[in-house]
>>> print(open('model17.txt').read())   # compact mmCIF, C-alpha atoms and all ligand atoms
# COMPACT_ATOMS: atom_id res chain seq x y z
CA MET F 1 9.72 -3.37 0.05
CA ILE F 2 10.02 -4.59 3.61
CA LEU F 3 7.68 -6.70 5.75
CA VAL F 4 7.15 -5.38 9.27
CA THR F 5 5.36 -7.50 11.87
CA GLY F 6 3.59 -5.87 14.81
CA GLY F 7 3.43 -2.50 13.08
CA ALA F 8 0.22 -1.49 14.86
CA GLY F 9 1.91 -1.61 18.27
CA PHE F 10 3.95 1.00 20.09
CA ILE F 11 7.43 0.60 18.56
CA GLY F 12 6.31 -0.92 15.25
CA SER F 13 4.02 1.99 14.42
CA ASN F 14 6.72 4.52 15.33
CA PHE F 15 9.12 2.56 13.11
CA ILE F 16 6.77 2.60 10.10
CA LEU F 17 5.92 6.30 10.50
CA ASP F 18 9.63 7.17 10.72
CA TRP F 19 10.53 4.83 7.84
CA LEU F 20 8.01 6.34 5.44
CA ALA F 21 8.97 9.86 6.52
CA GLN F 22 12.54 9.11 5.49
CA CYS F 23 12.29 6.96 2.35
CA ASP F 24 9.82 5.78 -0.26
CA GLU F 25 10.33 2.07 0.19
CA PRO F 26 6.88 0.51 0.80
CA VAL F 27 6.02 -1.42 3.96
CA ILE F 28 3.71 -4.39 4.42
CA ASN F 29 2.48 -4.29 7.99
CA LEU F 30 1.31 -7.67 9.35
CA ASP F 31 -0.46 -7.29 12.68
CA LYS F 32 -3.04 -9.36 14.56
CA LEU F 33 -4.50 -6.26 16.24
CA THR F 34 -4.44 -7.66 19.75
CA TYR F 35 -5.44 -5.28 22.55
CA ALA F 36 -1.99 -3.65 22.02
CA GLY F 37 -2.41 -3.02 18.29
CA ASN F 38 -4.21 0.11 17.15
CA LYS F 39 -4.89 1.11 13.57
CA SER F 40 -5.26 4.71 14.73
CA ASN F 41 -1.48 4.71 15.32
CA PHE F 42 -1.01 4.98 11.57
CA ALA F 43 -4.09 7.05 10.75
CA ALA F 44 -1.72 9.53 9.08
CA LEU F 45 -0.96 6.85 6.45
CA ALA F 46 -4.62 6.22 5.50
CA GLU F 47 -4.13 7.59 1.97
CA ASP F 48 -0.52 6.46 1.62
CA SER F 49 -0.12 3.64 -0.92
CA ARG F 50 3.38 2.89 0.43
CA HIS F 51 1.76 1.33 3.53
CA ILE F 52 -0.08 -1.98 3.08
CA PHE F 53 -1.82 -3.17 6.22
CA VAL F 54 -2.60 -6.89 6.58
CA HIS F 55 -4.71 -7.99 9.54
CA GLY F 56 -3.30 -11.40 10.45
CA ASP F 57 -1.31 -13.61 12.77
CA ILE F 58 2.43 -14.37 12.49
CA CYS F 59 1.55 -17.93 13.57
CA ASP F 60 -0.45 -18.38 10.33
CA LEU F 61 2.13 -20.06 8.08
CA ALA F 62 -0.08 -20.03 4.98
CA LEU F 63 -0.65 -16.30 5.31
CA VAL F 64 3.04 -15.54 5.90
CA ASN F 65 4.01 -17.70 2.89
CA GLN F 66 1.45 -15.92 0.76
CA LEU F 67 2.68 -12.46 1.80
CA LEU F 68 6.29 -13.38 1.04
CA ALA F 69 5.36 -14.84 -2.36
CA THR F 70 3.16 -11.89 -3.31
CA TYR F 71 5.24 -8.94 -2.13
CA LYS F 72 8.78 -10.39 -2.29
CA PRO F 73 10.18 -8.23 0.52
CA ARG F 74 13.93 -7.67 0.74
CA ALA F 75 13.74 -7.74 4.56
CA ILE F 76 11.56 -8.73 7.50
CA VAL F 77 11.63 -6.51 10.59
CA HIS F 78 9.98 -8.53 13.34
CA PHE F 79 8.38 -6.59 16.19
CA ALA F 80 5.19 -8.63 16.77
CA ALA F 81 5.06 -10.00 20.29
CA GLU F 82 3.16 -10.12 23.51
CA SER F 83 5.22 -7.49 25.33
CA HIS F 84 3.88 -6.81 28.84
CA VAL F 85 5.67 -8.58 31.71
CA ASP F 86 2.69 -8.35 34.10
CA ARG F 87 0.38 -9.96 31.52
CA SER F 88 2.94 -12.75 31.05
CA ILE F 89 2.66 -13.47 34.77
CA HIS F 90 -1.16 -13.71 34.55
CA SER F 91 -1.37 -15.50 31.15
CA PRO F 92 1.94 -16.97 29.98
CA GLY F 93 0.41 -19.17 27.25
CA GLU F 94 -0.12 -16.33 24.76
CA PHE F 95 3.55 -15.37 25.16
CA ILE F 96 4.69 -18.87 24.26
CA THR F 97 2.38 -18.97 21.25
CA THR F 98 3.23 -15.61 19.70
CA ASN F 99 6.77 -14.98 20.86
CA ILE F 100 8.14 -18.49 20.35
CA ASN F 101 5.86 -20.30 17.88
CA GLY F 102 5.20 -17.10 15.95
CA THR F 103 8.91 -16.33 15.58
CA PHE F 104 9.54 -19.94 14.55
CA THR F 105 6.79 -19.69 11.90
CA LEU F 106 8.27 -16.50 10.48
CA LEU F 107 11.79 -17.90 10.48
CA ASP F 108 10.75 -21.07 8.71
CA ALA F 109 8.69 -19.21 6.10
CA ALA F 110 11.59 -16.79 5.61
CA ARG F 111 14.01 -19.70 5.15
CA THR F 112 11.87 -21.31 2.43
CA TYR F 113 11.38 -17.97 0.67
CA TRP F 114 15.03 -16.93 0.96
CA SER F 115 16.34 -20.30 -0.27
CA ALA F 116 14.53 -19.82 -3.58
CA LEU F 117 15.78 -16.27 -4.24
CA SER F 118 18.42 -15.40 -6.84
CA ASP F 119 21.98 -15.17 -5.52
CA GLU F 120 21.83 -11.38 -5.58
CA SER F 121 18.49 -11.18 -3.72
CA LYS F 122 19.65 -13.85 -1.29
CA ALA F 123 22.73 -11.83 -0.40
CA ALA F 124 20.66 -8.69 0.13
CA PHE F 125 17.92 -10.30 2.26
CA ARG F 126 17.74 -9.61 6.02
CA PHE F 127 15.65 -11.00 8.90
CA LEU F 128 15.89 -8.49 11.75
CA HIS F 129 14.52 -9.74 15.06
CA VAL F 130 13.65 -7.07 17.62
CA SER F 131 14.36 -8.28 21.14
CA THR F 132 14.86 -7.00 24.64
CA ASP F 133 17.50 -6.48 27.32
CA GLU F 134 15.29 -8.52 29.69
CA VAL F 135 16.77 -11.74 28.27
CA TYR F 136 19.96 -11.00 30.25
CA GLY F 137 18.17 -11.07 33.62
CA SER F 138 18.78 -8.69 36.50
CA LEU F 139 21.87 -6.66 37.52
CA SER F 140 23.12 -5.76 40.99
CA PRO F 141 23.83 -2.08 41.65
CA ASP F 142 27.58 -2.43 40.99
CA ASP F 143 27.43 -4.79 38.00
CA ALA F 144 28.64 -3.57 34.62
CA PRO F 145 25.85 -3.02 32.05
CA PHE F 146 24.77 -5.91 29.78
CA THR F 147 26.98 -6.51 26.75
CA GLU F 148 26.21 -8.76 23.78
CA THR F 149 28.16 -11.56 25.50
CA THR F 150 26.33 -11.41 28.85
CA PRO F 151 24.85 -14.90 29.44
CA TYR F 152 21.09 -15.19 29.04
CA SER F 153 19.21 -15.39 32.35
CA PRO F 154 15.54 -14.53 31.77
CA ASN F 155 13.30 -14.31 34.84
CA SER F 156 9.72 -13.77 33.59
CA PRO F 157 7.59 -15.77 31.16
CA TYR F 158 7.87 -12.76 28.83
CA SER F 159 11.67 -12.59 28.89
CA ALA F 160 11.97 -16.38 28.71
CA SER F 161 9.80 -16.40 25.59
CA LYS F 162 11.90 -13.64 24.00
CA ALA F 163 15.09 -15.52 24.93
CA ALA F 164 13.72 -18.64 23.23
CA ALA F 165 12.94 -16.60 20.12
CA ASP F 166 16.47 -15.12 20.13
CA HIS F 167 17.92 -18.63 20.28
CA LEU F 168 15.80 -19.75 17.33
CA VAL F 169 17.01 -16.76 15.31
CA ARG F 170 20.61 -17.65 16.17
CA ALA F 171 20.00 -21.27 15.19
CA TYR F 172 18.53 -20.30 11.79
CA TYR F 173 21.65 -18.28 11.04
CA HIS F 174 24.10 -20.97 12.13
CA THR F 175 22.23 -23.96 10.71
CA TYR F 176 20.70 -22.62 7.50
CA GLY F 177 22.68 -19.44 6.87
CA LEU F 178 19.52 -17.30 6.99
CA PRO F 179 20.88 -13.70 7.11
CA THR F 180 19.64 -12.71 10.55
CA LEU F 181 20.26 -9.75 12.84
CA THR F 182 19.08 -9.43 16.44
CA THR F 183 18.71 -6.26 18.49
CA ASN F 184 18.32 -6.26 22.28
CA CYS F 185 16.94 -2.96 23.46
CA SER F 186 16.23 -1.37 26.82
CA ASN F 187 12.94 0.25 27.94
CA ASN F 188 11.38 2.52 25.32
CA TYR F 189 9.05 5.46 25.89
CA GLY F 190 7.35 7.98 23.61
CA PRO F 191 4.20 8.46 21.49
CA TYR F 192 1.68 5.58 21.06
CA HIS F 193 2.95 3.74 24.16
CA PHE F 194 0.03 1.65 25.40
CA PRO F 195 -1.11 2.93 28.83
CA GLU F 196 -0.51 -0.34 30.65
CA LYS F 197 3.25 0.36 30.83
CA LEU F 198 4.71 2.52 33.60
CA ILE F 199 5.22 5.86 31.82
CA PRO F 200 1.95 6.18 29.86
CA LEU F 201 -0.02 4.64 32.76
CA ALA F 202 1.42 7.18 35.19
CA ILE F 203 0.58 10.08 32.85
CA ALA F 204 -2.95 8.79 32.17
CA ASN F 205 -3.70 8.11 35.84
CA ALA F 206 -2.23 11.41 36.96
CA ARG F 207 -4.41 13.34 34.49
CA ALA F 208 -7.49 11.29 35.46
CA GLY F 209 -7.00 12.02 39.18
CA LYS F 210 -6.33 8.34 39.92
CA THR F 211 -3.56 6.79 42.00
CA ILE F 212 -0.18 6.29 40.31
CA PRO F 213 0.87 2.73 41.25
CA VAL F 214 4.55 2.14 42.02
CA TYR F 215 5.56 -1.49 42.59
CA GLY F 216 7.50 -2.41 45.73
CA ASP F 217 9.93 0.29 46.85
CA GLY F 218 10.14 1.97 43.42
CA GLN F 219 13.93 1.59 43.37
CA GLN F 220 14.05 -0.82 40.41
CA VAL F 221 16.24 0.66 37.69
CA ARG F 222 15.49 0.73 33.96
CA ASP F 223 17.60 2.21 31.12
CA TRP F 224 15.18 4.46 29.20
CA LEU F 225 15.41 5.14 25.47
CA TYR F 226 13.20 7.42 23.39
CA VAL F 227 11.36 5.29 20.82
CA GLY F 228 12.58 7.36 17.85
CA ASP F 229 16.15 6.54 18.85
CA HIS F 230 15.31 2.82 18.94
CA CYS F 231 13.81 3.09 15.44
CA ALA F 232 16.94 4.87 14.17
CA ALA F 233 19.12 2.14 15.69
CA ILE F 234 17.08 -0.58 13.96
CA ARG F 235 17.48 1.21 10.61
CA CYS F 236 21.25 1.34 11.21
CA VAL F 237 21.46 -2.37 12.03
CA LEU F 238 19.25 -3.29 9.07
CA GLN F 239 21.53 -1.34 6.77
CA GLY F 240 24.96 -2.16 8.14
CA GLY F 241 24.73 -4.87 10.80
CA ARG F 242 26.99 -7.90 10.42
CA LEU F 243 25.08 -11.09 9.66
CA GLY F 244 24.31 -13.36 12.60
CA GLU F 245 25.32 -10.66 15.09
CA THR F 246 23.36 -9.23 18.00
CA TYR F 247 23.43 -5.52 18.87
CA ASN F 248 22.49 -4.01 22.22
CA ILE F 249 20.55 -0.74 22.07
CA GLY F 250 20.20 1.53 25.10
CA GLY F 251 19.94 5.11 26.15
CA TRP F 252 22.63 5.38 28.86
CA ASN F 253 19.73 6.64 30.99
CA GLU F 254 19.48 4.53 34.12
CA LYS F 255 16.66 5.76 36.36
CA ALA F 256 14.85 4.31 39.36
CA ASN F 257 11.10 3.98 38.76
CA LEU F 258 10.26 6.42 41.54
CA GLU F 259 12.55 9.03 39.98
CA VAL F 260 10.80 8.57 36.63
CA VAL F 261 7.39 8.99 38.21
CA HIS F 262 8.53 12.06 40.14
CA THR F 263 9.84 13.57 36.89
CA LEU F 264 6.50 12.94 35.17
CA CYS F 265 4.59 14.53 38.05
CA ASP F 266 6.89 17.57 38.06
CA ILE F 267 6.44 18.12 34.30
CA LEU F 268 2.66 17.78 34.68
CA ASP F 269 2.75 20.24 37.59
CA GLN F 270 4.30 22.76 35.19
CA LEU F 271 2.17 22.02 32.12
CA ALA F 272 -1.22 21.34 33.75
CA PRO F 273 -1.10 22.46 37.40
CA LYS F 274 -3.77 21.09 39.73
CA GLU F 275 -5.95 23.49 41.68
CA SER F 276 -4.07 22.47 44.78
CA GLY F 277 -1.18 20.18 45.56
CA SER F 278 1.08 18.21 43.23
CA TYR F 279 0.55 15.14 41.04
CA ARG F 280 3.12 13.52 43.35
CA ASP F 281 0.32 13.30 45.94
CA GLN F 282 -1.30 10.59 43.76
CA ILE F 283 1.71 8.23 43.96
CA THR F 284 0.85 5.00 45.80
CA PHE F 285 3.17 2.12 46.58
CA VAL F 286 1.53 -1.23 45.76
CA ALA F 287 2.52 -4.88 46.01
CA ASP F 288 5.59 -5.73 43.97
CA ARG F 289 5.69 -7.65 40.69
CA PRO F 290 6.58 -11.34 41.36
CA GLY F 291 10.18 -12.04 40.32
CA HIS F 292 10.71 -8.32 39.64
CA ASP F 293 14.11 -7.68 38.00
CA ARG F 294 15.98 -5.11 40.05
CA ARG F 295 18.12 -3.40 37.44
CA TYR F 296 18.67 -3.33 33.68
CA ALA F 297 21.45 -1.36 31.99
CA ILE F 298 22.73 -1.61 28.44
CA ASP F 299 26.24 -1.19 27.12
CA ALA F 300 25.53 0.07 23.58
CA ARG F 301 29.18 0.60 22.56
CA LYS F 302 29.23 -2.13 19.90
CA LEU F 303 26.48 -0.37 17.94
CA ALA F 304 28.18 3.01 18.43
CA HIS F 305 31.59 1.74 17.31
CA GLU F 306 30.49 -0.43 14.39
CA LEU F 307 27.63 1.59 12.99
CA GLY F 308 27.99 5.06 14.50
CA TRP F 309 24.58 5.09 16.21
CA LYS F 310 23.96 7.16 19.30
CA PRO F 311 20.71 8.39 20.81
CA ALA F 312 19.57 11.87 19.78
CA GLU F 313 17.34 12.45 22.83
CA THR F 314 18.42 12.82 26.43
CA PHE F 315 15.95 11.56 29.04
CA GLU F 316 15.08 15.18 29.87
CA THR F 317 14.18 16.15 26.28
CA GLY F 318 12.49 12.84 25.46
CA ILE F 319 10.32 12.65 28.55
CA ARG F 320 9.08 16.23 28.16
CA LYS F 321 8.17 15.59 24.50
CA THR F 322 6.37 12.45 25.61
CA VAL F 323 4.27 14.17 28.29
CA GLU F 324 3.40 16.91 25.79
CA TRP F 325 2.37 14.27 23.23
CA TYR F 326 0.01 12.59 25.72
CA MET F 327 -1.48 15.94 26.66
CA THR F 328 -2.26 16.74 23.03
CA HIS F 329 -3.45 13.21 22.16
CA GLN F 330 -6.01 12.53 24.85
CA ASP F 331 -8.42 11.19 22.19
CA TRP F 332 -5.88 8.49 21.32
CA VAL F 333 -5.59 7.54 24.99
CA ARG F 334 -9.39 7.40 25.39
CA ASN F 335 -9.74 5.29 22.22
CA VAL F 336 -7.30 2.62 23.39
CA GLN F 337 -8.85 2.44 26.85
CA SER F 338 -11.49 -0.11 25.84
CA GLY F 339 -13.51 -2.38 28.16
CA ASP F 340 -10.72 -4.96 28.03
CA TYR F 341 -8.26 -2.35 29.20
CA PHE F 342 -10.29 -1.59 32.32
CA LYS F 343 -10.68 -5.33 32.99
CA TRP F 344 -6.88 -5.61 32.85
CA LEU F 345 -6.45 -2.75 35.33
CA ASP F 346 -8.84 -4.50 37.74
CA LYS F 347 -7.02 -7.80 37.34
CA ASN F 348 -3.55 -6.33 37.85
CA TYR F 349 -4.13 -3.61 40.42
CA VAL F 350 -7.22 -4.25 42.53
CA GLN F 351 -5.63 -7.24 44.23
CA ARG F 352 -2.34 -5.43 44.89
CA ALA F 353 -2.72 -4.37 48.53
CA ASP F 354 -1.68 -0.77 49.02
CA GLN F 355 1.49 -0.70 51.10
CA GLN F 356 1.81 2.95 51.96
CA GLU F 357 0.82 6.38 50.70
CA VAL F 358 3.42 8.94 49.68
CA ALA F 359 2.80 12.66 49.87
P1 LIG J 401 3.29 -3.76 21.75
O1 LIG J 401 2.71 -4.73 22.71
O2 LIG J 401 2.99 -2.32 21.88
O3 LIG J 401 2.89 -4.17 20.25
C1 LIG J 401 2.93 -5.49 19.82
C2 LIG J 401 2.22 -5.56 18.46
O4 LIG J 401 2.28 -6.91 17.99
C3 LIG J 401 0.73 -5.19 18.54
O5 LIG J 401 0.38 -4.35 17.46
C4 LIG J 401 0.03 -6.54 18.42
O6 LIG J 401 -1.26 -6.45 17.82
C5 LIG J 401 1.00 -7.31 17.54
N1 LIG J 401 0.88 -8.76 17.71
C6 LIG J 401 0.84 -9.46 18.87
N2 LIG J 401 0.70 -10.77 18.61
C7 LIG J 401 0.71 -10.92 17.26
C8 LIG J 401 0.62 -12.02 16.39
N3 LIG J 401 0.51 -13.27 16.86
N4 LIG J 401 0.64 -11.80 15.06
C9 LIG J 401 0.76 -10.53 14.56
N5 LIG J 401 0.82 -9.45 15.35
C10 LIG J 401 0.81 -9.63 16.68
O7 LIG J 401 4.87 -4.02 21.79
P2 LIG J 401 6.06 -2.98 21.65
O8 LIG J 401 6.31 -2.36 22.97
O9 LIG J 401 5.82 -2.14 20.47
O10 LIG J 401 7.26 -3.99 21.38
C11 LIG J 401 7.58 -4.38 20.04
C12 LIG J 401 8.75 -5.36 20.08
O11 LIG J 401 9.87 -4.73 20.69
C13 LIG J 401 8.47 -6.61 20.91
O12 LIG J 401 9.06 -7.71 20.23
C14 LIG J 401 9.16 -6.36 22.24
O13 LIG J 401 9.58 -7.56 22.82
C15 LIG J 401 10.34 -5.51 21.78
N6 LIG J 401 10.85 -4.56 22.78
C16 LIG J 401 10.02 -3.69 23.40
C17 LIG J 401 10.57 -2.75 24.30
C18 LIG J 401 9.67 -1.74 25.01
O14 LIG J 401 10.18 -1.01 25.88
N7 LIG J 401 8.40 -1.63 24.69
C19 LIG J 401 11.93 -2.72 24.55
C20 LIG J 401 12.76 -3.66 23.89
C21 LIG J 401 12.21 -4.56 23.00
O1 LIG J 402 13.53 -3.63 29.16
C1 LIG J 402 12.77 -3.73 27.98
C2 LIG J 402 11.35 -4.09 28.32
O2 LIG J 402 10.75 -2.92 28.86
C3 LIG J 402 10.55 -4.61 27.13
O3 LIG J 402 11.11 -5.80 26.67
C4 LIG J 402 9.09 -4.84 27.51
O4 LIG J 402 8.34 -5.21 26.39
C5 LIG J 402 8.54 -3.54 28.06
O5 LIG J 402 7.21 -3.72 28.49
C6 LIG J 402 9.39 -3.05 29.22
O6 LIG J 402 9.28 -3.94 30.35
P1 LIG J 402 9.19 -3.41 31.86
O7 LIG J 402 8.56 -4.45 32.69
O8 LIG J 402 10.50 -2.86 32.31
O9 LIG J 402 8.19 -2.15 31.62
P2 LIG J 402 6.94 -1.60 32.47
O10 LIG J 402 6.59 -0.27 31.90
O11 LIG J 402 5.87 -2.62 32.61
O12 LIG J 402 7.58 -1.38 33.90
C7 LIG J 402 8.68 -0.50 34.08
C8 LIG J 402 9.07 -0.56 35.54
O13 LIG J 402 8.01 0.05 36.30
C9 LIG J 402 9.21 -1.98 36.08
O14 LIG J 402 10.25 -2.00 37.04
C10 LIG J 402 7.87 -2.24 36.76
C11 LIG J 402 7.44 -0.87 37.24
N1 LIG J 402 5.98 -0.60 37.27
C12 LIG J 402 5.25 -0.93 36.17
C13 LIG J 402 3.89 -0.70 36.17
C14 LIG J 402 3.05 -1.09 34.98
C15 LIG J 402 5.42 0.00 38.37
O15 LIG J 402 6.12 0.33 39.36
N2 LIG J 402 4.08 0.24 38.36
C16 LIG J 402 3.28 -0.12 37.32
O16 LIG J 402 2.04 0.10 37.38
>>> encode(input="model17.txt", output="structure tokens", more="lines below")
Ligand code: NAD
Ligand code: DAU
Amino acid sequence: MILVTGGAGFIGSNFILDWLAQCDEPVINLDKLTYAGNKSNFAALAEDSRHIFVHGDICDLALVNQLLATYKPRAIVHFAAESHVDRSIHSPGEFITTNINGTFTLLDAARTYWSALSDESKAAFRFLHVSTDEVYGSLSPDDAPFTETTPYSPNSPYSASKAAADHLVRAYYHTYGLPTLTTNCSNNYGPYHFPEKLIPLAIANARAGKTIPVYGDGQQVRDWLYVGDHCAAIRCVLQGGRLGETYNIGGWNEKANLEVVHTLCDILDQLAPKESGSYRDQITFVADRPGHDRRYAIDARKLAHELGWKPAETFETGIRKTVEWYMTHQDWVRNVQSGDYFKWLDKNYVQRADQQEVA
């Protein structure tokens, strides 16, 4: 079996659902259920004995040791993290605790466990660390996309904490020989994406008749990847990745934020037209994110050449599927919009002075 951390979050839950749809290997899912973790994401697995959910913290060494000793996983796939850049600006401490100390705790527990395995099990064991393209910093318009050798240059508390975790993973491979793999992926979108991130927030606000907040001039560029393609890439790396290596994962889909929001509004105009006007009328430019990275772009050729992975979805197919999913899962959206969620919206948006209205 495998141990997945953070499997109640956006990407982790998609990964577990896809994994169990494709093979019978059981999954232990260790998740703290922060505001971003939702058990309803894997409601479909309620009766499935291949999925073992453990409510707990990756910083809890005794618990991690106990899970490793009890279940003897052949791999750890580590998603658990604080993942929202804006929250890292308001409250960086939680990012240091989970993303750095939590990754250290897992690595050290994994090292102890792995050291005691038989030679055969030792050789088969993998620690796959799921990271982000944000560790590479920000690109200018004419810069080549990030490769695996681009120097690290993180700019937010979130990306700095992920960079620190990546370095620890590297150190555990080089120092102790722990069989690690690291993936650095671009922006994901798709089902179960928590509606604090741009795409699900824009869909939720559009449908609720609220303003759709665009930071700064909306010309920041992200490289969007459908979450199912990210999960497929992780399975590829877990199966065939070279030990100690890092693999960039991206969708070759660079889009400015305003273009993304326009696309969402246009799809909603087709699928759920308003009585008058367009959803674009709800777009509002608000104060920019401090230290906002201007552009991310991933060169995913290493993964394509070594392991044959390429994304199955284009942005056009993936984004339409995503809007349709949100329209048919409004109960899920309502369920995750707890009191804490509305407090977060107040904290992040009320103080952002509106800069201009766009028709
Ligand atoms: P998410 O915020 O949706 O989910 C994170 C999950 O981790 C939640 O279920 C949460 O409860 C859990 N968690 C948080 N702290 C924990 C702790 N201390 N112990 C156990 N569980 C804990 O995040 P996501 O968007 O699914 O991202 C998953 C991983 O992928 C992260 O490591 C993130 O850095 C990375 N990543 C995300 C993206 C993206 O676009 N979302 C892109 C590249 C990489
Ligand atoms: O690049 C990978 C990263 O992508 C992951 O490591 C992070 O975990 C994930 O959250 C995501 O980070 P971003 O900051 O790029 O995602 P977010 O959806 O928060 O923002 C996308 C872009 O949209 C970014 O340029 C900021 C902008 N934005 C965001 C919000 C929430 C807005 O313009 N308005 C908003 O309200």
>>> residues_around(input="model17.txt", residues="F:Ser118", least_positions_apart="5", cutoff="12 Å", atoms="only C-alpha atoms", output="list in words")
Lys72, Arg74, Tyr113, Ala123, Ala124 and Phe125 of chain F
>>> residues_near_ligand(input="model17.txt", ligand="ligand LIG 401 (chain J)", cutoff="8 Å", atoms="all atoms listed in the file", output="number ranges by chain")
F: 5-13, 30-38, 55-59, 78-84, 97-99, 102, 129-134, 162, 184-189, 193-194
>>> atom_distance(input="model17.txt", atom1="atom CA of F:Thr183", atom2="atom CA of F:Asp119")
25.8 Å
>>> residues_near_ligand(input="model17.txt", ligand="ligand LIG 402 (chain J)", cutoff="9 Å", atoms="all atoms listed in the file", output="PyMOL selection string")
chain F and resi 81-86+131-135+158-159+162+184-189+195-202+212-224+256-258+260-261+285-286+288-289+292-297+348-349
>>> closest_residue(input="model17.txt", among="F:Lys274, F:Arg111, F:Arg352, F:Arg280", to="F:Tyr176", atoms="all atoms listed in the file")
F:Arg111
>>> atom_distance(input="model17.txt", atom1="atom CA of F:Leu61", atom2="atom CA of F:Ala109")
6.9 Å
>>> residues_near_point(input="model17.txt", point="(12.3, 11.2, 14.7)", cutoff="9 Å", atoms="all atoms listed in the file", output="list in words")
Asn14, Asp18, Ala21, Val227, Gly228, Asp229, Cys231, Ala232 and Ala312 of chain F
>>> write_last_selection(input="model17.txt", atoms="C-alpha atoms", output="CSV table (one decimal), in the coordinates of the input")
chain,number,residue,atom,x,y,z
F,14,ASN,CA,6.7,4.5,15.3
F,18,ASP,CA,9.6,7.2,10.7
F,21,ALA,CA,9.0,9.9,6.5
F,227,VAL,CA,11.4,5.3,20.8
F,228,GLY,CA,12.6,7.4,17.8
F,229,ASP,CA,16.2,6.5,18.8
F,231,CYS,CA,13.8,3.1,15.4
F,232,ALA,CA,16.9,4.9,14.2
F,312,ALA,CA,19.6,11.9,19.8
>>> closest_residue(input="model17.txt", among="F:Ser276, F:Asn335, F:Thr147, F:Thr112", to="F:Gln66", atoms="only C-alpha atoms")
F:Thr112
>>> atom_distance(input="model17.txt", atom1="atom CA of F:Tyr152", atom2="atom CA of F:Arg170")
13.1 Å
>>> decode(input="model17.txt", residues="stretch 62-73 of chain F", atoms="N, CA and C atoms", output="PDB file, in the first residue's frame")
ATOM      1  N   ALA F  62       5.137  10.692  16.412  1.00  0.00           N
ATOM      2  CA  ALA F  62       4.702   9.399  16.958  1.00  0.00           C
ATOM      3  C   ALA F  62       3.631   8.784  16.055  1.00  0.00           C
ATOM      4  N   LEU F  63       2.716   9.608  15.605  1.00  0.00           N
ATOM      5  CA  LEU F  63       1.650   9.099  14.727  1.00  0.00           C
ATOM      6  C   LEU F  63       2.231   8.604  13.396  1.00  0.00           C
ATOM      7  N   VAL F  64       3.139   9.379  12.811  1.00  0.00           N
ATOM      8  CA  VAL F  64       3.711   8.975  11.517  1.00  0.00           C
ATOM      9  C   VAL F  64       4.487   7.666  11.691  1.00  0.00           C
ATOM     10  N   ASN F  65       5.271   7.563  12.775  1.00  0.00           N
ATOM     11  CA  ASN F  65       6.007   6.322  13.044  1.00  0.00           C
ATOM     12  C   ASN F  65       5.059   5.137  13.168  1.00  0.00           C
ATOM     13  N   GLN F  66       3.961   5.382  13.878  1.00  0.00           N
ATOM     14  CA  GLN F  66       2.993   4.300  14.105  1.00  0.00           C
ATOM     15  C   GLN F  66       2.343   3.858  12.781  1.00  0.00           C
ATOM     16  N   LEU F  67       2.021   4.826  11.930  1.00  0.00           N
ATOM     17  CA  LEU F  67       1.394   4.469  10.644  1.00  0.00           C
ATOM     18  C   LEU F  67       2.363   3.669   9.779  1.00  0.00           C
ATOM     19  N   LEU F  68       3.625   4.081   9.775  1.00  0.00           N
ATOM     20  CA  LEU F  68       4.614   3.362   8.959  1.00  0.00           C
ATOM     21  C   LEU F  68       4.806   1.936   9.483  1.00  0.00           C
ATOM     22  N   ALA F  69       4.868   1.813  10.821  1.00  0.00           N
ATOM     23  CA  ALA F  69       5.090   0.485  11.414  1.00  0.00           C
ATOM     24  C   ALA F  69       3.879  -0.417  11.195  1.00  0.00           C
ATOM     25  N   THR F  70       2.691   0.154  11.255  1.00  0.00           N
ATOM     26  CA  THR F  70       1.472  -0.662  11.146  1.00  0.00           C
ATOM     27  C   THR F  70       1.200  -1.080   9.711  1.00  0.00           C
ATOM     28  N   TYR F  71       1.290  -0.111   8.789  1.00  0.00           N
ATOM     29  CA  TYR F  71       0.829  -0.393   7.418  1.00  0.00           C
ATOM     30  C   TYR F  71       1.958  -0.761   6.454  1.00  0.00           C
ATOM     31  N   LYS F  72       3.191  -0.455   6.835  1.00  0.00           N
ATOM     32  CA  LYS F  72       4.359  -0.802   5.995  1.00  0.00           C
ATOM     33  C   LYS F  72       4.185  -0.400   4.524  1.00  0.00           C
ATOM     34  N   PRO F  73       3.950   0.882   4.273  1.00  0.00           N
ATOM     35  CA  PRO F  73       3.745   1.312   2.881  1.00  0.00           C
ATOM     36  C   PRO F  73       5.011   1.156   2.050  1.00  0.00           C
TER      37      PRO F  73
END
